[in-house]
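Next up, target_17.pdb (PDB, C-alpha atoms):
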```
MODEL        1
ATOM      1  CA  MET A  15      76.817 158.629 222.218
ATOM      2  CA  PRO A  16      77.649 160.894 219.249
ATOM      3  CA  THR A  17      75.461 163.915 218.567
ATOM      4  CA  ALA A  18      73.174 163.539 215.559
ATOM      5  CA  ALA A  19      74.641 165.328 212.592
ATOM      6  CA  PRO A  20      72.714 168.151 210.875
ATOM      7  CA  ALA A  21      72.874 166.227 207.604
ATOM      8  CA  SER A  22      70.714 163.541 209.181
ATOM      9  CA  PHE A  23      68.094 166.112 210.082
ATOM     10  CA  GLU A  24      68.069 167.432 206.547
ATOM     11  CA  SER A  25      67.679 164.007 204.992
ATOM     12  CA  LEU A  26      64.860 163.070 207.367
ATOM     13  CA  PHE A  27      63.133 166.417 206.929
ATOM     14  CA  THR A  28      63.468 166.465 203.154
ATOM     15  CA  ALA A  29      61.518 163.199 202.935
ATOM     16  CA  LEU A  30      58.479 164.689 204.650
ATOM     17  CA  ALA A  31      58.650 168.390 203.757
ATOM     18  CA  GLY A  32      55.977 168.004 201.077
ATOM     19  CA  SER A  33      53.467 166.322 203.354
ATOM     20  CA  ALA A  34      54.265 168.804 206.142
ATOM     21  CA  PHE A  35      53.432 171.639 203.751
ATOM     22  CA  GLY A  36      50.166 169.958 202.732
ATOM     23  CA  VAL A  37      49.058 169.546 206.331
ATOM     24  CA  ALA A  38      50.143 173.110 207.114
ATOM     25  CA  VAL A  39      47.963 174.402 204.266
ATOM     26  CA  ARG A  40      44.970 172.616 205.781
ATOM     27  CA  PHE A  41      45.821 173.928 209.250
ATOM     28  CA  THR A  42      46.194 177.550 208.137
ATOM     29  CA  ASN A  43      44.001 177.607 204.998
ATOM     30  CA  ASN A  44      46.659 179.722 203.365
ATOM     31  CA  ARG A  45      49.762 178.747 201.385
ATOM     32  CA  ALA A  46      51.899 181.681 202.551
ATOM     33  CA  ASP A  47      51.065 181.064 206.221
ATOM     34  CA  ALA A  48      51.633 177.349 205.664
ATOM     35  CA  GLU A  49      55.111 177.989 204.325
ATOM     36  CA  ASP A  50      55.939 180.209 207.308
ATOM     37  CA  LEU A  51      54.622 177.547 209.647
ATOM     38  CA  VAL A  52      56.709 174.788 208.054
ATOM     39  CA  GLN A  53      59.806 177.008 208.110
ATOM     40  CA  ASP A  54      59.321 177.875 211.788
ATOM     41  CA  ALA A  55      58.723 174.218 212.671
ATOM     42  CA  ALA A  56      61.791 173.125 210.701
ATOM     43  CA  LEU A  57      63.967 175.643 212.534
ATOM     44  CA  LEU A  58      62.649 174.564 215.947
ATOM     45  CA  ALA A  59      63.028 170.893 215.029
ATOM     46  CA  PHE A  60      66.560 171.454 213.829
ATOM     47  CA  ARG A  61      67.502 173.152 217.093
ATOM     48  CA  ALA A  62      65.863 170.365 219.109
ATOM     49  CA  PHE A  63      67.201 167.537 216.960
ATOM     50  CA  ASP A  64      69.480 166.330 219.763
ATOM     51  CA  SER A  65      66.346 165.308 221.641
ATOM     52  CA  PHE A  66      65.128 163.113 218.775
ATOM     53  CA  GLU A  67      65.909 159.451 219.387
ATOM     54  CA  PRO A  68      67.318 157.893 216.195
ATOM     55  CA  GLY A  69      65.258 154.959 215.028
ATOM     56  CA  THR A  70      61.991 156.327 216.434
ATOM     57  CA  ASN A  71      59.214 157.904 214.399
ATOM     58  CA  PHE A  72      60.690 161.120 212.986
ATOM     59  CA  LYS A  73      57.483 161.995 211.172
ATOM     60  CA  ALA A  74      55.396 161.901 214.360
ATOM     61  CA  TRP A  75      58.158 163.807 216.183
ATOM     62  CA  PHE A  76      58.278 166.545 213.525
ATOM     63  CA  PHE A  77      54.506 166.803 213.168
ATOM     64  CA  ARG A  78      54.266 167.276 216.926
ATOM     65  CA  ILE A  79      56.507 170.330 216.597
ATOM     66  CA  LEU A  80      54.546 171.539 213.568
ATOM     67  CA  THR A  81      51.240 171.148 215.410
ATOM     68  CA  ASN A  82      52.556 172.901 218.523
ATOM     69  CA  CYS A  83      53.781 175.762 216.330
ATOM     70  CA  TYR A  84      50.341 176.013 214.785
ATOM     71  CA  PHE A  85      48.547 176.059 218.148
ATOM     72  CA  SER A  86      51.026 178.643 219.417
ATOM     73  CA  ARG A  87      50.236 180.906 216.464
ATOM     74  CA  ARG A  88      46.525 180.446 217.003
ATOM     75  CA  ARG A  89      46.814 181.504 220.616
ATOM     76  CA  ARG A  90      48.467 184.740 219.515
ATOM     77  CA  GLU A  91      45.740 185.592 217.031
ATOM     78  CA  LYS A  92      43.339 188.189 218.332
ATOM     79  CA  SER A  93      40.352 187.105 216.321
ATOM     80  CA  ARG A  94      39.536 183.735 214.962
ATOM     81  CA  PRO A  95      37.086 182.882 212.226
ATOM     82  CA  ALA A  96      33.789 181.730 213.614
ATOM     83  CA  THR A  97      33.238 178.019 213.259
ATOM     84  CA  ALA A  98      29.923 176.746 212.058
ATOM     85  CA  ASP A  99      27.494 175.199 214.497
ATOM     86  CA  LEU A 100      28.396 171.585 214.059
ATOM     87  CA  ASP A 101      27.724 170.275 217.549
ATOM     88  CA  ASP A 102      25.303 167.446 218.009
ATOM     89  CA  THR A 103      25.477 166.254 214.424
ATOM     90  CA  PRO A 104      23.498 162.999 214.286
ATOM     91  CA  ASP A 105      25.127 159.739 213.246
ATOM     92  CA  LEU A 106      24.982 158.938 209.532
ATOM     93  CA  TYR A 107      24.214 162.572 208.710
ATOM     94  CA  LEU A 108      25.543 162.470 205.169
ATOM     95  CA  TYR A 109      23.958 159.103 204.513
ATOM     96  CA  ALA A 110      20.538 160.425 205.550
ATOM     97  CA  ARG A 111      20.912 163.656 203.615
ATOM     98  CA  SER A 112      22.175 161.863 200.514
ATOM     99  CA  ALA A 113      19.200 159.502 200.630
ATOM    100  CA  GLU A 114      16.775 162.417 200.963
ATOM    101  CA  ASN A 115      18.313 164.290 198.048
ATOM    102  CA  GLY A 116      18.769 161.541 195.491
ATOM    103  CA  PHE A 117      22.497 160.961 195.909
ATOM    104  CA  PRO A 118      23.620 157.321 195.947
ATOM    105  CA  THR A 119      23.702 155.479 199.269
ATOM    106  CA  ALA A 120      24.491 152.052 197.853
ATOM    107  CA  GLY A 121      27.109 150.573 195.550
ATOM    108  CA  PRO A 122      30.838 150.088 195.941
ATOM    109  CA  ASP A 123      31.687 153.789 196.520
ATOM    110  CA  PRO A 124      28.380 155.506 197.244
ATOM    111  CA  ALA A 125      29.717 158.854 198.525
ATOM    112  CA  ALA A 126      31.986 159.377 195.518
ATOM    113  CA  GLN A 127      29.390 161.246 193.455
ATOM    114  CA  LEU A 128      28.756 163.859 196.141
ATOM    115  CA  LEU A 129      32.435 164.275 197.007
ATOM    116  CA  ASP A 130      33.508 164.445 193.374
ATOM    117  CA  THR A 131      30.846 167.086 192.745
ATOM    118  CA  LEU A 132      32.094 169.066 195.723
ATOM    119  CA  GLY A 133      35.730 168.829 194.608
ATOM    120  CA  THR A 134      38.926 169.381 196.542
ATOM    121  CA  GLU A 135      38.480 173.060 197.426
ATOM    122  CA  ARG A 136      34.984 172.643 198.863
ATOM    123  CA  VAL A 137      36.002 169.540 200.821
ATOM    124  CA  ALA A 138      38.929 171.556 202.194
ATOM    125  CA  ALA A 139      36.519 174.399 203.028
ATOM    126  CA  ALA A 140      34.352 171.945 204.964
ATOM    127  CA  ILE A 141      37.351 170.776 206.999
ATOM    128  CA  ALA A 142      38.322 174.405 207.615
ATOM    129  CA  ARG A 143      34.994 175.023 209.376
ATOM    130  CA  LEU A 144      35.671 172.486 212.096
ATOM    131  CA  PRO A 145      36.721 173.807 215.504
ATOM    132  CA  ASP A 146      40.514 173.701 215.859
ATOM    133  CA  GLU A 147      40.870 170.565 217.969
ATOM    134  CA  TYR A 148      38.717 168.578 215.570
ATOM    135  CA  ARG A 149      40.219 170.109 212.430
ATOM    136  CA  VAL A 150      43.747 169.252 213.469
ATOM    137  CA  VAL A 151      42.998 165.657 214.387
ATOM    138  CA  SER A 152      40.909 165.190 211.223
ATOM    139  CA  THR A 153      43.623 166.684 209.035
ATOM    140  CA  LEU A 154      46.258 164.333 210.460
ATOM    141  CA  TYR A 155      43.886 161.410 209.990
ATOM    142  CA  PHE A 156      42.659 162.172 206.478
ATOM    143  CA  MET A 157      45.839 163.581 204.958
ATOM    144  CA  GLU A 158      48.584 161.530 206.512
ATOM    145  CA  ASP A 159      46.931 158.218 207.325
ATOM    146  CA  PHE A 160      48.410 158.447 210.818
ATOM    147  CA  SER A 161      47.272 155.697 213.180
ATOM    148  CA  TYR A 162      45.446 156.637 216.389
ATOM    149  CA  GLU A 163      48.681 155.962 218.274
ATOM    150  CA  GLU A 164      50.702 158.252 215.994
ATOM    151  CA  ILE A 165      48.121 161.035 216.280
ATOM    152  CA  GLY A 166      48.295 160.582 220.056
ATOM    153  CA  ARG A 167      52.074 161.058 219.896
ATOM    154  CA  VAL A 168      51.712 164.143 217.689
ATOM    155  CA  LEU A 169      49.107 165.739 219.945
ATOM    156  CA  ASP A 170      50.545 164.372 223.201
ATOM    157  CA  CYS A 171      47.215 162.926 224.256
ATOM    158  CA  PRO A 172      45.877 159.428 224.990
ATOM    159  CA  VAL A 173      44.583 157.194 222.212
ATOM    160  CA  GLY A 174      41.118 157.376 223.790
ATOM    161  CA  THR A 175      41.111 161.142 223.306
ATOM    162  CA  VAL A 176      42.153 160.717 219.669
ATOM    163  CA  ARG A 177      39.358 158.199 219.169
ATOM    164  CA  SER A 178      36.669 160.431 220.647
ATOM    165  CA  ARG A 179      37.857 163.557 218.825
ATOM    166  CA  LEU A 180      38.030 161.704 215.537
ATOM    167  CA  HIS A 181      34.573 160.243 216.040
ATOM    168  CA  ARG A 182      33.129 163.663 216.737
ATOM    169  CA  GLY A 183      35.222 165.337 214.061
ATOM    170  CA  ARG A 184      33.974 162.932 211.412
ATOM    171  CA  LYS A 185      30.381 163.644 212.313
ATOM    172  CA  MET A 186      31.013 167.392 212.268
ATOM    173  CA  LEU A 187      32.724 167.076 208.908
ATOM    174  CA  GLN A 188      29.688 165.329 207.420
ATOM    175  CA  LYS A 189      27.447 168.221 208.435
ATOM    176  CA  SER A 190      30.016 170.728 207.249
ATOM    177  CA  LEU A 191      30.282 169.003 203.863
ATOM    178  CA  TRP A 192      26.534 169.198 203.476
ATOM    179  CA  GLN A 193      26.445 172.876 204.479
ATOM    180  CA  VAL A 194      29.098 173.629 201.852
ATOM    181  CA  ALA A 195      27.117 171.660 199.273
ATOM    182  CA  GLU A 196      24.006 173.665 200.113
ATOM    183  CA  GLU A 197      25.805 177.003 199.977
ATOM    184  CA  SER A 198      27.335 176.067 196.637
ATOM    185  CA  GLY A 199      23.957 175.141 195.193
ATOM    186  CA  ILE A 200      25.010 171.535 194.698
ATOM    187  CA  VAL A 201      22.065 170.442 196.816
ATOM    188  CA  ALA A 202      18.887 172.245 197.777
ATOM    189  CA  GLY A 203      18.953 174.199 201.050
ATOM    190  CA  SER A 204      17.181 172.636 204.002
ATOM    191  CA  ALA A 205      13.982 174.000 205.429
ATOM    192  CA  GLY A 206      13.983 171.639 208.368
ATOM    193  CA  GLY A 207      14.437 167.916 208.724
ATOM    194  CA  VAL A 208      17.801 166.637 209.919
ATOM    195  CA  THR A 209      19.815 169.360 211.545
TER     196      THR A 209
ATOM    197  CA  MET B  21      33.687 147.676 223.984
ATOM    198  CA  SER B  22      34.431 144.889 226.399
ATOM    199  CA  GLU B  23      31.093 143.166 226.963
ATOM    200  CA  PRO B  24      31.082 139.457 226.043
ATOM    201  CA  LEU B  25      29.680 138.846 222.586
ATOM    202  CA  ASP B  26      28.916 135.853 220.511
ATOM    203  CA  ARG B  27      26.694 137.654 218.002
ATOM    204  CA  MET B  28      26.250 141.313 217.272
ATOM    205  CA  THR B  29      23.078 143.319 217.036
ATOM    206  CA  CYS B  30      22.823 146.265 214.665
ATOM    207  CA  GLU B  31      23.317 148.595 217.625
ATOM    208  CA  SER B  32      26.442 146.874 218.930
ATOM    209  CA  ALA B  33      27.889 146.669 215.424
ATOM    210  CA  PHE B  34      27.156 150.345 214.801
ATOM    211  CA  ARG B  35      28.900 151.355 218.035
ATOM    212  CA  ARG B  36      32.024 149.790 216.568
ATOM    213  CA  LEU B  37      31.715 151.400 213.137
ATOM    214  CA  ASP B  38      34.622 153.851 213.401
ATOM    215  CA  ASP B  39      36.927 151.381 215.135
ATOM    216  CA  TYR B  40      36.024 148.734 212.573
ATOM    217  CA  LEU B  41      36.783 151.030 209.632
ATOM    218  CA  ASP B  42      40.090 152.025 211.228
ATOM    219  CA  ARG B  43      40.923 148.420 212.137
ATOM    220  CA  GLN B  44      41.168 149.308 215.813
ATOM    221  CA  LEU B  45      39.122 146.326 217.014
ATOM    222  CA  SER B  46      40.501 143.054 218.279
ATOM    223  CA  PRO B  47      40.566 140.229 215.702
ATOM    224  CA  GLU B  48      37.601 138.648 217.490
ATOM    225  CA  GLU B  49      35.547 141.844 217.345
ATOM    226  CA  MET B  50      36.484 142.380 213.694
ATOM    227  CA  ARG B  51      35.208 138.881 212.952
ATOM    228  CA  LEU B  52      31.954 139.472 214.827
ATOM    229  CA  VAL B  53      31.304 142.750 213.000
ATOM    230  CA  GLU B  54      32.020 141.059 209.674
ATOM    231  CA  GLU B  55      29.657 138.234 210.561
ATOM    232  CA  HIS B  56      26.956 140.774 211.311
ATOM    233  CA  LEU B  57      27.585 142.656 208.089
ATOM    234  CA  HIS B  58      27.326 139.385 206.202
ATOM    235  CA  ILE B  59      23.729 138.937 207.328
ATOM    236  CA  CYS B  60      22.546 142.555 207.671
ATOM    237  CA  GLU B  61      22.042 144.499 204.466
ATOM    238  CA  ALA B  62      21.105 147.755 206.204
ATOM    239  CA  CYS B  63      24.288 147.844 208.292
ATOM    240  CA  THR B  64      26.363 146.879 205.264
ATOM    241  CA  ARG B  65      24.987 149.872 203.365
ATOM    242  CA  GLU B  66      25.736 152.220 206.246
ATOM    243  CA  PHE B  67      29.238 150.868 206.829
ATOM    244  CA  THR B  68      30.012 150.989 203.103
ATOM    245  CA  PHE B  69      28.766 154.567 202.903
ATOM    246  CA  GLU B  70      30.885 155.676 205.856
ATOM    247  CA  ALA B  71      33.961 153.963 204.419
ATOM    248  CA  SER B  72      33.259 155.691 201.114
ATOM    249  CA  VAL B  73      33.102 159.115 202.809
ATOM    250  CA  ILE B  74      36.460 158.532 204.495
ATOM    251  CA  ALA B  75      38.099 157.295 201.290
ATOM    252  CA  GLY B  76      36.585 160.156 199.281
ATOM    253  CA  VAL B  77      37.711 162.866 201.707
ATOM    254  CA  ARG B  78      41.203 161.334 201.705
ATOM    255  CA  ARG B  79      41.320 161.391 197.903
ATOM    256  CA  LYS B  80      40.264 165.022 197.807
ATOM    257  CA  LEU B  81      42.578 166.293 200.530
ATOM    258  CA  GLN B  82      45.819 164.616 199.632
ATOM    259  CA  SER B  83      48.496 165.897 197.309
ATOM    260  CA  ILE B  84      49.068 169.609 197.771
ATOM    261  CA  PRO B  85      52.249 170.422 195.875
ATOM    262  CA  ALA B  86      54.808 172.304 197.938
ATOM    263  CA  PRO B  87      56.480 175.383 196.430
ATOM    264  CA  PRO B  88      59.506 174.194 194.450
ATOM    265  CA  ASP B  89      61.894 176.398 196.427
ATOM    266  CA  LEU B  90      60.518 175.537 199.879
ATOM    267  CA  LEU B  91      63.438 173.302 200.803
ATOM    268  CA  ALA B  92      65.982 175.850 199.569
ATOM    269  CA  ARG B  93      64.389 178.582 201.661
ATOM    270  CA  ILE B  94      64.315 176.377 204.743
ATOM    271  CA  ALA B  95      67.950 175.374 204.163
ATOM    272  CA  ALA B  96      68.844 179.074 204.017
ATOM    273  CA  ARG B  97      67.170 179.627 207.407
ATOM    274  CA  LEU B  98      68.923 176.608 208.922
ATOM    275  CA  ARG B  99      72.370 177.548 207.639
ATOM    276  CA  PRO B 100      73.225 180.177 210.294
ATOM    277  CA  ASN B 101      72.322 177.587 212.965
ATOM    278  CA  GLN B 102      74.760 175.054 211.597
ATOM    279  CA  ASP B 103      77.853 176.990 212.573
TER     280      ASP B 103
ENDMDL
END
```
For the file at hand, write its structure as structure tokens.
Amino acid sequence: MPTAAPASFESLFTALAGSAFGVAVRFTNNRADAEDLVQDAALLAFRAFDSFEPGTNFKAWFFRILTNCYFSRRRREKSRPATADLDDTPDLYLYARSAENGFPTAGPDPAAQLLDTLGTERVAAAIARLPDEYRVVSTLYFMEDFSYEEIGRVLDCPVGTVRSRLHRGRKMLQKSLWQVAEESGIVAGSAGGVT
Amino acid sequence: MSEPLDRMTCESAFRRLDDYLDRQLSPEEMRLVEEHLHICEACTREFTFEASVIAGVRRKLQSIPAPPDLLARIAARLRPNQD
């Protein structure tokens, strides 16, 4: 079987470089670090391209390398930013909080008003507060529309693990979004109630 | 998710919320959830809200433009490996 030519790697990589950079920005929360991460992943992927099976999912294959690079960097970091206390977020957290605070809970796109008011940077800040394993799976899900199976291939874990992490990550994200909205003065701070 | 069902309660429908929104249920379970949503206004509101959160977060997070010279810089790093 002939060895895959470097030109093939470049054409496959070029098609997804933009989305790889976007995901890397959400992983690292920093454009310069994201560019380094994508460059490192591209170099590793290029060197390992012989192990890629033509006709299979190059995007999932590359994002697996990108994600492993990211986790490797994280392990080397001495200090990590503290993540907010998002454990045990109740179901329908944002729905309940929106109802309590006069944001829409009905209509064709009821969460749009809150999310539009928050804007891209605050939504990204809310994602950034999630613990790593939930942030990564949520980023792949929200940014790339990967299926559960594809995320499982990227993270090398069973679909059931993807499902449970996504379920928990979504709940954490709802609480995180509300915390960001409170801190930004978009909604009043809580003095109790749903935590 | 494997218990036999011919009609869903609010609780059993809610347990399937994420899988329903991500179309991870079997066709039969999708149909049963939809049947429940057809008759239950409260669940419909909750499901619609959750779908709206997912769609809204997706809209906000997508499209981060890459630096225009990103590909050129990566190509420069790959070049010594191509020999």
**OP:** At a cut-off of 8 Å, list the chain A residues touching chain B, using all atoms listed in the file, as a VMD selection string.
**Re:** chain A and resid 20 28 31 to 33 35 to 36 49 53 56 to 57 60 to 61 106 109 119 to 120 122 to 126 129 to 130 133 to 134 137 to 138 156 to 157 181
Run the PyMOL selection byres ((chain B and resi 33) around 9) against the file shown and list the residues it catches, as an mmCIF file with C-alpha atoms, in the coordinates of the input.
```cif
data_model
loop_
_atom_site.group_PDB
_atom_site.id
_atom_site.type_symbol
_atom_site.label_atom_id
_atom_site.label_comp_id
_atom_site.auth_asym_id
_atom_site.auth_seq_id
_atom_site.Cartn_x
_atom_site.Cartn_y
_atom_site.Cartn_z
ATOM 1 C CA MET B 28 26.250 141.313 217.272
ATOM 2 C CA THR B 29 23.078 143.319 217.036
ATOM 3 C CA CYS B 30 22.823 146.265 214.665
ATOM 4 C CA GLU B 31 23.317 148.595 217.625
ATOM 5 C CA SER B 32 26.442 146.874 218.930
ATOM 6 C CA PHE B 34 27.156 150.345 214.801
ATOM 7 C CA ARG B 35 28.900 151.355 218.035
ATOM 8 C CA ARG B 36 32.024 149.790 216.568
ATOM 9 C CA LEU B 37 31.715 151.400 213.137
ATOM 10 C CA TYR B 40 36.024 148.734 212.573
ATOM 11 C CA LEU B 52 31.954 139.472 214.827
ATOM 12 C CA VAL B 53 31.304 142.750 213.000
ATOM 13 C CA HIS B 56 26.956 140.774 211.311
ATOM 14 C CA LEU B 57 27.585 142.656 208.089
ATOM 15 C CA CYS B 63 24.288 147.844 208.292
#
```
Subject >> Option closest in space to Tyr162 (chain A), from A:Ile200, A:Ser112, A:Ala74, A:Leu26 [counting only C-alpha atoms] >> reply: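 Among the listed residues, the smallest separation from Tyr162 (chain A) belongs to A:Ala74.
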**OP:** Would you mind reading off the distance between CA of Leu58 (chain A) and CA of Arg149 (chain A), one decimal, in Å?
**Re:**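 So the two atoms, CA of Leu58 (chain A) and CA of Arg149 (chain A), lie 23.1 Å apart.
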Original post:
Which value, in Å to one decimal, gives the distance between CA of Tyr107 (chain A) and CA of Glu158 (chain A)?
Top reply: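 Separation between CA of Tyr107 (chain A) and CA of Glu158 (chain A): 24.5 Å.
If you look at CA of Asn115 (chain A) and CA of Ala202 (chain A), they are 8.0 Å away from each other.
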Could you model N, CA and C atoms for region 141-169 of chain A and present them as a PDB file, keeping the file's coordinate frame?
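What ended up in part.pdb:
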```pdb
ATOM      1  N   ILE A 141      36.414 171.082 205.903  1.00  0.00           N
ATOM      2  CA  ILE A 141      37.351 170.776 206.999  1.00  0.00           C
ATOM      3  C   ILE A 141      37.708 172.057 207.746  1.00  0.00           C
ATOM      4  N   ALA A 142      37.893 173.139 206.998  1.00  0.00           N
ATOM      5  CA  ALA A 142      38.322 174.405 207.615  1.00  0.00           C
ATOM      6  C   ALA A 142      37.290 174.937 208.599  1.00  0.00           C
ATOM      7  N   ARG A 143      36.038 174.530 208.473  1.00  0.00           N
ATOM      8  CA  ARG A 143      34.994 175.023 209.376  1.00  0.00           C
ATOM      9  C   ARG A 143      34.969 174.314 210.717  1.00  0.00           C
ATOM     10  N   LEU A 144      35.694 173.218 210.828  1.00  0.00           N
ATOM     11  CA  LEU A 144      35.671 172.486 212.096  1.00  0.00           C
ATOM     12  C   LEU A 144      36.411 173.276 213.169  1.00  0.00           C
ATOM     13  N   PRO A 145      35.944 173.194 214.411  1.00  0.00           N
ATOM     14  CA  PRO A 145      36.721 173.807 215.504  1.00  0.00           C
ATOM     15  C   PRO A 145      38.143 173.226 215.506  1.00  0.00           C
ATOM     16  N   ASP A 146      39.095 174.053 215.953  1.00  0.00           N
ATOM     17  CA  ASP A 146      40.514 173.701 215.859  1.00  0.00           C
ATOM     18  C   ASP A 146      40.851 172.270 216.275  1.00  0.00           C
ATOM     19  N   GLU A 147      40.417 171.858 217.459  1.00  0.00           N
ATOM     20  CA  GLU A 147      40.870 170.565 217.969  1.00  0.00           C
ATOM     21  C   GLU A 147      40.381 169.412 217.098  1.00  0.00           C
ATOM     22  N   TYR A 148      39.236 169.619 216.450  1.00  0.00           N
ATOM     23  CA  TYR A 148      38.717 168.578 215.570  1.00  0.00           C
ATOM     24  C   TYR A 148      39.330 168.683 214.173  1.00  0.00           C
ATOM     25  N   ARG A 149      39.606 169.907 213.758  1.00  0.00           N
ATOM     26  CA  ARG A 149      40.219 170.109 212.430  1.00  0.00           C
ATOM     27  C   ARG A 149      41.618 169.516 212.389  1.00  0.00           C
ATOM     28  N   VAL A 150      42.370 169.743 213.447  1.00  0.00           N
ATOM     29  CA  VAL A 150      43.747 169.252 213.469  1.00  0.00           C
ATOM     30  C   VAL A 150      43.777 167.728 213.467  1.00  0.00           C
ATOM     31  N   VAL A 151      42.971 167.118 214.321  1.00  0.00           N
ATOM     32  CA  VAL A 151      42.998 165.657 214.387  1.00  0.00           C
ATOM     33  C   VAL A 151      42.464 165.063 213.079  1.00  0.00           C
ATOM     34  N   SER A 152      41.459 165.698 212.485  1.00  0.00           N
ATOM     35  CA  SER A 152      40.909 165.190 211.223  1.00  0.00           C
ATOM     36  C   SER A 152      41.915 165.346 210.090  1.00  0.00           C
ATOM     37  N   THR A 153      42.630 166.458 210.084  1.00  0.00           N
ATOM     38  CA  THR A 153      43.623 166.684 209.035  1.00  0.00           C
ATOM     39  C   THR A 153      44.726 165.625 209.097  1.00  0.00           C
ATOM     40  N   LEU A 154      45.209 165.354 210.311  1.00  0.00           N
ATOM     41  CA  LEU A 154      46.258 164.333 210.460  1.00  0.00           C
ATOM     42  C   LEU A 154      45.739 162.970 210.023  1.00  0.00           C
ATOM     43  N   TYR A 155      44.489 162.702 210.325  1.00  0.00           N
ATOM     44  CA  TYR A 155      43.886 161.410 209.990  1.00  0.00           C
ATOM     45  C   TYR A 155      43.649 161.284 208.473  1.00  0.00           C
ATOM     46  N   PHE A 156      43.037 162.282 207.886  1.00  0.00           N
ATOM     47  CA  PHE A 156      42.659 162.172 206.478  1.00  0.00           C
ATOM     48  C   PHE A 156      43.850 162.382 205.541  1.00  0.00           C
ATOM     49  N   MET A 157      44.763 163.263 205.906  1.00  0.00           N
ATOM     50  CA  MET A 157      45.839 163.581 204.958  1.00  0.00           C
ATOM     51  C   MET A 157      47.038 162.670 205.086  1.00  0.00           C
ATOM     52  N   GLU A 158      47.323 162.232 206.301  1.00  0.00           N
ATOM     53  CA  GLU A 158      48.584 161.530 206.512  1.00  0.00           C
ATOM     54  C   GLU A 158      48.415 160.061 206.863  1.00  0.00           C
ATOM     55  N   ASP A 159      47.157 159.618 206.979  1.00  0.00           N
ATOM     56  CA  ASP A 159      46.931 158.218 207.325  1.00  0.00           C
ATOM     57  C   ASP A 159      47.635 157.822 208.625  1.00  0.00           C
ATOM     58  N   PHE A 160      47.823 158.774 209.530  1.00  0.00           N
ATOM     59  CA  PHE A 160      48.410 158.447 210.818  1.00  0.00           C
ATOM     60  C   PHE A 160      47.482 157.485 211.563  1.00  0.00           C
ATOM     61  N   SER A 161      48.064 156.564 212.311  1.00  0.00           N
ATOM     62  CA  SER A 161      47.272 155.697 213.180  1.00  0.00           C
ATOM     63  C   SER A 161      46.818 156.512 214.397  1.00  0.00           C
ATOM     64  N   TYR A 162      45.878 155.963 215.166  1.00  0.00           N
ATOM     65  CA  TYR A 162      45.446 156.637 216.389  1.00  0.00           C
ATOM     66  C   TYR A 162      46.655 156.863 217.308  1.00  0.00           C
ATOM     67  N   GLU A 163      47.519 155.863 217.381  1.00  0.00           N
ATOM     68  CA  GLU A 163      48.681 155.962 218.274  1.00  0.00           C
ATOM     69  C   GLU A 163      49.607 157.091 217.818  1.00  0.00           C
ATOM     70  N   GLU A 164      49.825 157.190 216.507  1.00  0.00           N
ATOM     71  CA  GLU A 164      50.702 158.252 215.994  1.00  0.00           C
ATOM     72  C   GLU A 164      50.085 159.626 216.239  1.00  0.00           C
ATOM     73  N   ILE A 165      48.777 159.739 216.025  1.00  0.00           N
ATOM     74  CA  ILE A 165      48.121 161.035 216.280  1.00  0.00           C
ATOM     75  C   ILE A 165      48.246 161.377 217.766  1.00  0.00           C
ATOM     76  N   GLY A 166      48.118 160.358 218.624  1.00  0.00           N
ATOM     77  CA  GLY A 166      48.295 160.582 220.056  1.00  0.00           C
ATOM     78  C   GLY A 166      49.686 161.103 220.368  1.00  0.00           C
ATOM     79  N   ARG A 167      50.701 160.575 219.671  1.00  0.00           N
ATOM     80  CA  ARG A 167      52.074 161.058 219.896  1.00  0.00           C
ATOM     81  C   ARG A 167      52.220 162.497 219.399  1.00  0.00           C
ATOM     82  N   VAL A 168      51.620 162.788 218.241  1.00  0.00           N
ATOM     83  CA  VAL A 168      51.712 164.143 217.689  1.00  0.00           C
ATOM     84  C   VAL A 168      51.047 165.152 218.628  1.00  0.00           C
ATOM     85  N   LEU A 169      49.878 164.796 219.130  1.00  0.00           N
ATOM     86  CA  LEU A 169      49.107 165.739 219.945  1.00  0.00           C
ATOM     87  C   LEU A 169      49.385 165.599 221.436  1.00  0.00           C
TER      88      LEU A 169
END
```
